[in-house]
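The data block below is structure30.txt; it holds compact mmCIF, N, CA and C atoms.
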# COMPACT_ATOMS: atom_id res chain seq x y z
N MET W 257 -16.56 -15.37 -1.73
CA MET W 257 -17.30 -14.13 -1.59
C MET W 257 -16.99 -13.43 -0.27
N LEU W 258 -16.74 -14.22 0.79
CA LEU W 258 -16.47 -13.60 2.08
C LEU W 258 -15.11 -12.94 2.12
N ASN W 259 -14.13 -13.56 1.47
CA ASN W 259 -12.78 -13.00 1.48
C ASN W 259 -12.63 -11.85 0.51
N PHE W 260 -13.32 -11.94 -0.62
CA PHE W 260 -13.19 -10.94 -1.66
C PHE W 260 -14.59 -10.46 -2.06
N PRO W 261 -14.95 -9.24 -1.71
CA PRO W 261 -16.30 -8.76 -2.02
C PRO W 261 -16.52 -8.62 -3.53
N VAL W 262 -17.78 -8.55 -3.90
CA VAL W 262 -18.16 -8.40 -5.30
C VAL W 262 -17.55 -7.12 -5.83
N ARG W 263 -16.94 -7.22 -6.99
CA ARG W 263 -16.26 -6.08 -7.59
C ARG W 263 -16.85 -5.79 -8.97
N LEU W 264 -16.28 -4.85 -9.62
CA LEU W 264 -16.74 -4.40 -10.92
C LEU W 264 -16.74 -5.53 -11.94
N ASN W 265 -15.72 -6.34 -11.94
CA ASN W 265 -15.64 -7.45 -12.89
C ASN W 265 -16.84 -8.39 -12.73
N ASN W 266 -17.21 -8.67 -11.48
CA ASN W 266 -18.36 -9.53 -11.23
C ASN W 266 -19.65 -8.89 -11.74
N ASP W 267 -19.77 -7.59 -11.59
CA ASP W 267 -20.95 -6.89 -12.10
C ASP W 267 -21.06 -7.06 -13.62
N LEU W 268 -19.92 -6.95 -14.31
CA LEU W 268 -19.92 -7.12 -15.76
C LEU W 268 -20.32 -8.54 -16.16
N VAL W 269 -19.78 -9.53 -15.46
CA VAL W 269 -20.08 -10.93 -15.76
C VAL W 269 -21.56 -11.22 -15.48
N ALA W 270 -22.06 -10.72 -14.38
CA ALA W 270 -23.46 -10.95 -14.04
C ALA W 270 -24.39 -10.31 -15.07
N LEU W 271 -24.09 -9.12 -15.48
CA LEU W 271 -24.91 -8.44 -16.49
C LEU W 271 -24.87 -9.21 -17.80
N SER W 272 -23.69 -9.67 -18.17
CA SER W 272 -23.55 -10.45 -19.40
C SER W 272 -24.39 -11.71 -19.34
N GLY W 273 -24.40 -12.37 -18.20
CA GLY W 273 -25.20 -13.58 -18.04
C GLY W 273 -26.68 -13.32 -18.16
N VAL W 274 -27.14 -12.23 -17.56
CA VAL W 274 -28.56 -11.89 -17.62
C VAL W 274 -28.97 -11.57 -19.05
N VAL W 275 -28.19 -10.75 -19.71
CA VAL W 275 -28.53 -10.34 -21.08
C VAL W 275 -28.40 -11.53 -22.04
N GLY W 276 -27.38 -12.34 -21.84
CA GLY W 276 -27.15 -13.48 -22.73
C GLY W 276 -28.14 -14.61 -22.56
N SER W 277 -28.83 -14.67 -21.44
CA SER W 277 -29.75 -15.78 -21.17
C SER W 277 -31.13 -15.56 -21.77
N ALA W 278 -31.42 -14.38 -22.22
CA ALA W 278 -32.76 -14.08 -22.73
C ALA W 278 -32.82 -14.20 -24.25
N ASP W 279 -33.98 -14.60 -24.73
CA ASP W 279 -34.19 -14.68 -26.18
C ASP W 279 -34.72 -13.37 -26.75
N SER W 280 -34.88 -12.38 -25.90
CA SER W 280 -35.40 -11.09 -26.33
C SER W 280 -34.34 -10.01 -26.12
N ALA W 281 -34.70 -8.82 -26.51
CA ALA W 281 -33.79 -7.68 -26.33
C ALA W 281 -33.58 -7.42 -24.83
N PRO W 282 -32.45 -6.83 -24.48
CA PRO W 282 -32.22 -6.50 -23.06
C PRO W 282 -33.31 -5.58 -22.52
N THR W 283 -33.60 -5.74 -21.26
CA THR W 283 -34.63 -4.92 -20.62
C THR W 283 -34.11 -3.52 -20.33
N LYS W 284 -35.04 -2.65 -19.99
CA LYS W 284 -34.67 -1.28 -19.61
C LYS W 284 -33.72 -1.31 -18.41
N GLN W 285 -33.99 -2.21 -17.46
CA GLN W 285 -33.15 -2.33 -16.27
C GLN W 285 -31.74 -2.79 -16.63
N SER W 286 -31.64 -3.67 -17.62
CA SER W 286 -30.31 -4.11 -18.06
C SER W 286 -29.52 -2.95 -18.64
N TYR W 287 -30.20 -2.12 -19.41
CA TYR W 287 -29.52 -0.95 -19.97
C TYR W 287 -29.10 0.01 -18.87
N GLU W 288 -29.93 0.14 -17.84
CA GLU W 288 -29.58 1.03 -16.73
C GLU W 288 -28.37 0.50 -15.97
N VAL W 289 -28.33 -0.81 -15.75
CA VAL W 289 -27.18 -1.42 -15.07
C VAL W 289 -25.94 -1.26 -15.95
N PHE W 290 -26.09 -1.46 -17.26
CA PHE W 290 -24.96 -1.28 -18.17
C PHE W 290 -24.41 0.14 -18.07
N ASP W 291 -25.30 1.13 -18.07
CA ASP W 291 -24.85 2.52 -17.97
C ASP W 291 -24.10 2.75 -16.66
N MET W 292 -24.61 2.19 -15.57
CA MET W 292 -23.97 2.34 -14.26
C MET W 292 -22.59 1.68 -14.25
N VAL W 293 -22.53 0.45 -14.74
CA VAL W 293 -21.26 -0.28 -14.75
C VAL W 293 -20.27 0.37 -15.72
N SER W 294 -20.77 0.82 -16.86
CA SER W 294 -19.93 1.48 -17.85
C SER W 294 -19.30 2.74 -17.27
N LYS W 295 -20.07 3.50 -16.52
CA LYS W 295 -19.55 4.71 -15.88
C LYS W 295 -18.46 4.35 -14.87
N ALA W 296 -18.71 3.29 -14.09
CA ALA W 296 -17.72 2.86 -13.10
C ALA W 296 -16.44 2.38 -13.78
N VAL W 297 -16.57 1.68 -14.89
CA VAL W 297 -15.40 1.22 -15.64
C VAL W 297 -14.61 2.42 -16.15
N ASP W 298 -15.29 3.40 -16.71
CA ASP W 298 -14.62 4.60 -17.22
C ASP W 298 -13.87 5.33 -16.10
N GLU W 299 -14.47 5.39 -14.91
CA GLU W 299 -13.81 6.03 -13.77
C GLU W 299 -12.53 5.28 -13.38
N GLN W 300 -12.62 3.97 -13.34
CA GLN W 300 -11.44 3.17 -12.98
C GLN W 300 -10.35 3.26 -14.04
N LEU W 301 -10.73 3.27 -15.30
CA LEU W 301 -9.75 3.41 -16.37
C LEU W 301 -9.06 4.77 -16.32
N ALA W 302 -9.82 5.81 -15.99
CA ALA W 302 -9.22 7.15 -15.86
C ALA W 302 -8.21 7.17 -14.72
N LYS W 303 -8.54 6.52 -13.60
CA LYS W 303 -7.61 6.45 -12.47
C LYS W 303 -6.35 5.69 -12.88
N TRP W 304 -6.53 4.57 -13.59
CA TRP W 304 -5.39 3.77 -14.02
C TRP W 304 -4.48 4.56 -14.96
N LYS W 305 -5.08 5.26 -15.91
CA LYS W 305 -4.29 6.06 -16.86
C LYS W 305 -3.53 7.16 -16.13
N ALA W 306 -4.14 7.76 -15.12
CA ALA W 306 -3.46 8.79 -14.34
C ALA W 306 -2.27 8.21 -13.59
N ILE W 307 -2.45 7.03 -13.02
CA ILE W 307 -1.34 6.39 -12.30
C ILE W 307 -0.21 6.07 -13.25
N VAL W 308 -0.53 5.50 -14.38
CA VAL W 308 0.51 5.11 -15.34
C VAL W 308 1.25 6.33 -15.87
N SER W 309 0.52 7.39 -16.17
CA SER W 309 1.16 8.56 -16.79
C SER W 309 1.92 9.43 -15.79
N THR W 310 1.57 9.37 -14.51
CA THR W 310 2.26 10.23 -13.54
C THR W 310 3.13 9.44 -12.57
N GLU W 311 2.51 8.56 -11.81
CA GLU W 311 3.25 7.88 -10.75
C GLU W 311 4.27 6.88 -11.28
N VAL W 312 3.90 6.13 -12.29
CA VAL W 312 4.86 5.17 -12.85
C VAL W 312 6.01 5.90 -13.51
N ALA W 313 5.70 6.96 -14.24
CA ALA W 313 6.76 7.74 -14.87
C ALA W 313 7.67 8.37 -13.82
N ALA W 314 7.11 8.88 -12.75
CA ALA W 314 7.91 9.47 -11.67
C ALA W 314 8.77 8.40 -10.99
N TYR W 315 8.22 7.24 -10.78
CA TYR W 315 8.98 6.14 -10.18
C TYR W 315 10.14 5.73 -11.08
N ASN W 316 9.86 5.57 -12.37
CA ASN W 316 10.93 5.21 -13.30
C ASN W 316 12.03 6.26 -13.33
N SER W 317 11.64 7.52 -13.30
CA SER W 317 12.62 8.60 -13.29
C SER W 317 13.48 8.55 -12.02
N LEU W 318 12.86 8.32 -10.89
CA LEU W 318 13.59 8.22 -9.63
C LEU W 318 14.57 7.05 -9.65
N MET W 319 14.14 5.93 -10.19
CA MET W 319 15.02 4.76 -10.27
C MET W 319 16.23 5.05 -11.15
N LYS W 320 16.04 5.78 -12.23
CA LYS W 320 17.16 6.15 -13.10
C LYS W 320 18.10 7.11 -12.38
N GLN W 321 17.53 8.08 -11.66
CA GLN W 321 18.37 9.04 -10.92
C GLN W 321 19.20 8.33 -9.85
N GLN W 322 18.63 7.34 -9.21
CA GLN W 322 19.32 6.61 -8.15
C GLN W 322 20.21 5.50 -8.70
N ASP W 323 20.22 5.33 -10.00
CA ASP W 323 21.01 4.32 -10.68
C ASP W 323 20.71 2.92 -10.17
N VAL W 324 19.43 2.65 -10.00
CA VAL W 324 18.98 1.32 -9.57
C VAL W 324 18.84 0.46 -10.82
N PRO W 325 19.50 -0.69 -10.85
CA PRO W 325 19.40 -1.53 -12.03
C PRO W 325 17.97 -2.03 -12.23
N ALA W 326 17.58 -2.17 -13.47
CA ALA W 326 16.23 -2.62 -13.78
C ALA W 326 16.05 -4.09 -13.42
N LEU W 327 17.11 -4.86 -13.53
CA LEU W 327 17.04 -6.28 -13.23
C LEU W 327 18.28 -6.66 -12.44
N MET W 328 18.06 -7.29 -11.31
CA MET W 328 19.19 -7.68 -10.47
C MET W 328 19.26 -9.20 -10.47
N VAL W 329 20.41 -9.73 -10.86
CA VAL W 329 20.61 -11.17 -10.90
C VAL W 329 21.66 -11.54 -9.87
N LYS W 330 21.29 -12.44 -9.00
CA LYS W 330 22.22 -12.89 -7.97
C LYS W 330 23.18 -13.88 -8.61
N GLN W 331 24.46 -13.62 -8.44
CA GLN W 331 25.48 -14.49 -8.99
C GLN W 331 25.56 -15.76 -8.16
N PRO W 332 25.70 -16.91 -8.80
CA PRO W 332 25.81 -18.15 -8.02
C PRO W 332 27.11 -18.17 -7.23
N GLU W 333 27.03 -18.76 -6.07
CA GLU W 333 28.24 -18.86 -5.24
C GLU W 333 29.20 -19.85 -5.88
N ALA W 334 30.50 -19.55 -5.74
CA ALA W 334 31.52 -20.45 -6.29
C ALA W 334 31.47 -21.77 -5.56
N GLU W 335 31.66 -22.86 -6.29
CA GLU W 335 31.65 -24.17 -5.67
C GLU W 335 32.85 -24.31 -4.75
N LYS W 336 32.67 -24.98 -3.66
CA LYS W 336 33.73 -25.16 -2.66
C LYS W 336 34.51 -26.41 -2.92
Turn this file's structure into structure tokens for me.
Amino acid sequence: MLNFPVRLNNDLVALSGVVGSADSAPTKQSYEVFDMVSKAVDEQLAKWKAIVSTEVAAYNSLMKQQDVPALMVKQPEAEK
């Protein structure tokens, strides 16, 4: 926890544990936390989709223009 602060994934797991541990319907507070976490997930997914559709595509295009091989394999040195 000290090296890596609580993140969105942990919020989802914690909410799942709270909701899954009860024998009754989720509480109003659980629904509120779900709405909050769901909104945060949607924001992160939108950012990811933007990166993939723009920056990754631009990077791939630049690599093609510069004729950079997609995979570089080092040839073994000849035996002496």
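Pairwise distance (atom CA of Ser294 of chain W, atom N of Leu268 of chain W) equals 9.1 Å.
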Which parts of segment 277-311 of chain W does DSSP call alpha helix (DSSP H) when run on the backbone here, written out as a list in words?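 DSSP-assigned alpha helix (DSSP H) residues in segment 277-311 of chain W: Lys284, Gln285, Ser286, Tyr287, Glu288, Val289, Phe290, Asp291, Met292, Val293, Ser294, Lys295, Ala296, Val297, Asp298, Glu299, Gln300, Leu301, Ala302, Lys303, Trp304, Lys305 and Ala306 of chain W.
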Keeping only N, CA and C atoms, write the selected residues as a PDB file, in the coordinates of the input.
ATOM      1  N   LYS W 284     -35.040  -2.650 -19.990  1.00  0.00           N
ATOM      2  CA  LYS W 284     -34.670  -1.280 -19.610  1.00  0.00           C
ATOM      3  C   LYS W 284     -33.720  -1.310 -18.410  1.00  0.00           C
ATOM      4  N   GLN W 285     -33.990  -2.210 -17.460  1.00  0.00           N
ATOM      5  CA  GLN W 285     -33.150  -2.330 -16.270  1.00  0.00           C
ATOM      6  C   GLN W 285     -31.740  -2.790 -16.630  1.00  0.00           C
ATOM      7  N   SER W 286     -31.640  -3.670 -17.620  1.00  0.00           N
ATOM      8  CA  SER W 286     -30.310  -4.110 -18.060  1.00  0.00           C
ATOM      9  C   SER W 286     -29.520  -2.950 -18.640  1.00  0.00           C
ATOM     10  N   TYR W 287     -30.200  -2.120 -19.410  1.00  0.00           N
ATOM     11  CA  TYR W 287     -29.520  -0.950 -19.970  1.00  0.00           C
ATOM     12  C   TYR W 287     -29.100   0.010 -18.870  1.00  0.00           C
ATOM     13  N   GLU W 288     -29.930   0.140 -17.840  1.00  0.00           N
ATOM     14  CA  GLU W 288     -29.580   1.030 -16.730  1.00  0.00           C
ATOM     15  C   GLU W 288     -28.370   0.500 -15.970  1.00  0.00           C
ATOM     16  N   VAL W 289     -28.330  -0.810 -15.750  1.00  0.00           N
ATOM     17  CA  VAL W 289     -27.180  -1.420 -15.070  1.00  0.00           C
ATOM     18  C   VAL W 289     -25.940  -1.260 -15.950  1.00  0.00           C
ATOM     19  N   PHE W 290     -26.090  -1.460 -17.260  1.00  0.00           N
ATOM     20  CA  PHE W 290     -24.960  -1.280 -18.170  1.00  0.00           C
ATOM     21  C   PHE W 290     -24.410   0.140 -18.070  1.00  0.00           C
ATOM     22  N   ASP W 291     -25.300   1.130 -18.070  1.00  0.00           N
ATOM     23  CA  ASP W 291     -24.850   2.520 -17.970  1.00  0.00           C
ATOM     24  C   ASP W 291     -24.100   2.750 -16.660  1.00  0.00           C
ATOM     25  N   MET W 292     -24.610   2.190 -15.570  1.00  0.00           N
ATOM     26  CA  MET W 292     -23.970   2.340 -14.260  1.00  0.00           C
ATOM     27  C   MET W 292     -22.590   1.680 -14.250  1.00  0.00           C
ATOM     28  N   VAL W 293     -22.530   0.450 -14.740  1.00  0.00           N
ATOM     29  CA  VAL W 293     -21.260  -0.280 -14.750  1.00  0.00           C
ATOM     30  C   VAL W 293     -20.270   0.370 -15.720  1.00  0.00           C
ATOM     31  N   SER W 294     -20.770   0.820 -16.860  1.00  0.00           N
ATOM     32  CA  SER W 294     -19.930   1.480 -17.850  1.00  0.00           C
ATOM     33  C   SER W 294     -19.300   2.740 -17.270  1.00  0.00           C
ATOM     34  N   LYS W 295     -20.070   3.500 -16.520  1.00  0.00           N
ATOM     35  CA  LYS W 295     -19.550   4.710 -15.880  1.00  0.00           C
ATOM     36  C   LYS W 295     -18.460   4.350 -14.870  1.00  0.00           C
ATOM     37  N   ALA W 296     -18.710   3.290 -14.090  1.00  0.00           N
ATOM     38  CA  ALA W 296     -17.720   2.860 -13.100  1.00  0.00           C
ATOM     39  C   ALA W 296     -16.440   2.380 -13.780  1.00  0.00           C
ATOM     40  N   VAL W 297     -16.570   1.680 -14.890  1.00  0.00           N
ATOM     41  CA  VAL W 297     -15.400   1.220 -15.640  1.00  0.00           C
ATOM     42  C   VAL W 297     -14.610   2.420 -16.150  1.00  0.00           C
ATOM     43  N   ASP W 298     -15.290   3.400 -16.710  1.00  0.00           N
ATOM     44  CA  ASP W 298     -14.620   4.600 -17.220  1.00  0.00           C
ATOM     45  C   ASP W 298     -13.870   5.330 -16.100  1.00  0.00           C
ATOM     46  N   GLU W 299     -14.470   5.390 -14.910  1.00  0.00           N
ATOM     47  CA  GLU W 299     -13.810   6.030 -13.770  1.00  0.00           C
ATOM     48  C   GLU W 299     -12.530   5.280 -13.380  1.00  0.00           C
ATOM     49  N   GLN W 300     -12.620   3.970 -13.340  1.00  0.00           N
ATOM     50  CA  GLN W 300     -11.440   3.170 -12.980  1.00  0.00           C
ATOM     51  C   GLN W 300     -10.350   3.260 -14.040  1.00  0.00           C
ATOM     52  N   LEU W 301     -10.730   3.270 -15.300  1.00  0.00           N
ATOM     53  CA  LEU W 301      -9.750   3.410 -16.370  1.00  0.00           C
ATOM     54  C   LEU W 301      -9.060   4.770 -16.320  1.00  0.00           C
ATOM     55  N   ALA W 302      -9.820   5.810 -15.990  1.00  0.00           N
ATOM     56  CA  ALA W 302      -9.220   7.150 -15.860  1.00  0.00           C
ATOM     57  C   ALA W 302      -8.210   7.170 -14.720  1.00  0.00           C
ATOM     58  N   LYS W 303      -8.540   6.520 -13.600  1.00  0.00           N
ATOM     59  CA  LYS W 303      -7.610   6.450 -12.470  1.00  0.00           C
ATOM     60  C   LYS W 303      -6.350   5.690 -12.880  1.00  0.00           C
ATOM     61  N   TRP W 304      -6.530   4.570 -13.590  1.00  0.00           N
ATOM     62  CA  TRP W 304      -5.390   3.770 -14.020  1.00  0.00           C
ATOM     63  C   TRP W 304      -4.480   4.560 -14.960  1.00  0.00           C
ATOM     64  N   LYS W 305      -5.080   5.260 -15.910  1.00  0.00           N
ATOM     65  CA  LYS W 305      -4.290   6.060 -16.860  1.00  0.00           C
ATOM     66  C   LYS W 305      -3.530   7.160 -16.130  1.00  0.00           C
ATOM     67  N   ALA W 306      -4.140   7.760 -15.120  1.00  0.00           N
ATOM     68  CA  ALA W 306      -3.460   8.790 -14.340  1.00  0.00           C
ATOM     69  C   ALA W 306      -2.270   8.210 -13.590  1.00  0.00           C
TER      70      ALA W 306
END
What is the atom N of Met292 of chain W-atom N of Gly276 of chain W distance in Å, reported with one decimal? 16.1 Å
Please report the interatomic distance between atom C of Val308 of chain W and atom C of Val289 of chain W in Å with one decimal. 28.2 Å
Taking the point (-21.1, -0.8, -12.0) as given in the file, collect each protein or nucleic acid residue that comes within 8 Å of it, counting all atoms listed in the file, and present the set as a ChimeraX atom specification. /W:263-265,267-268,289-297
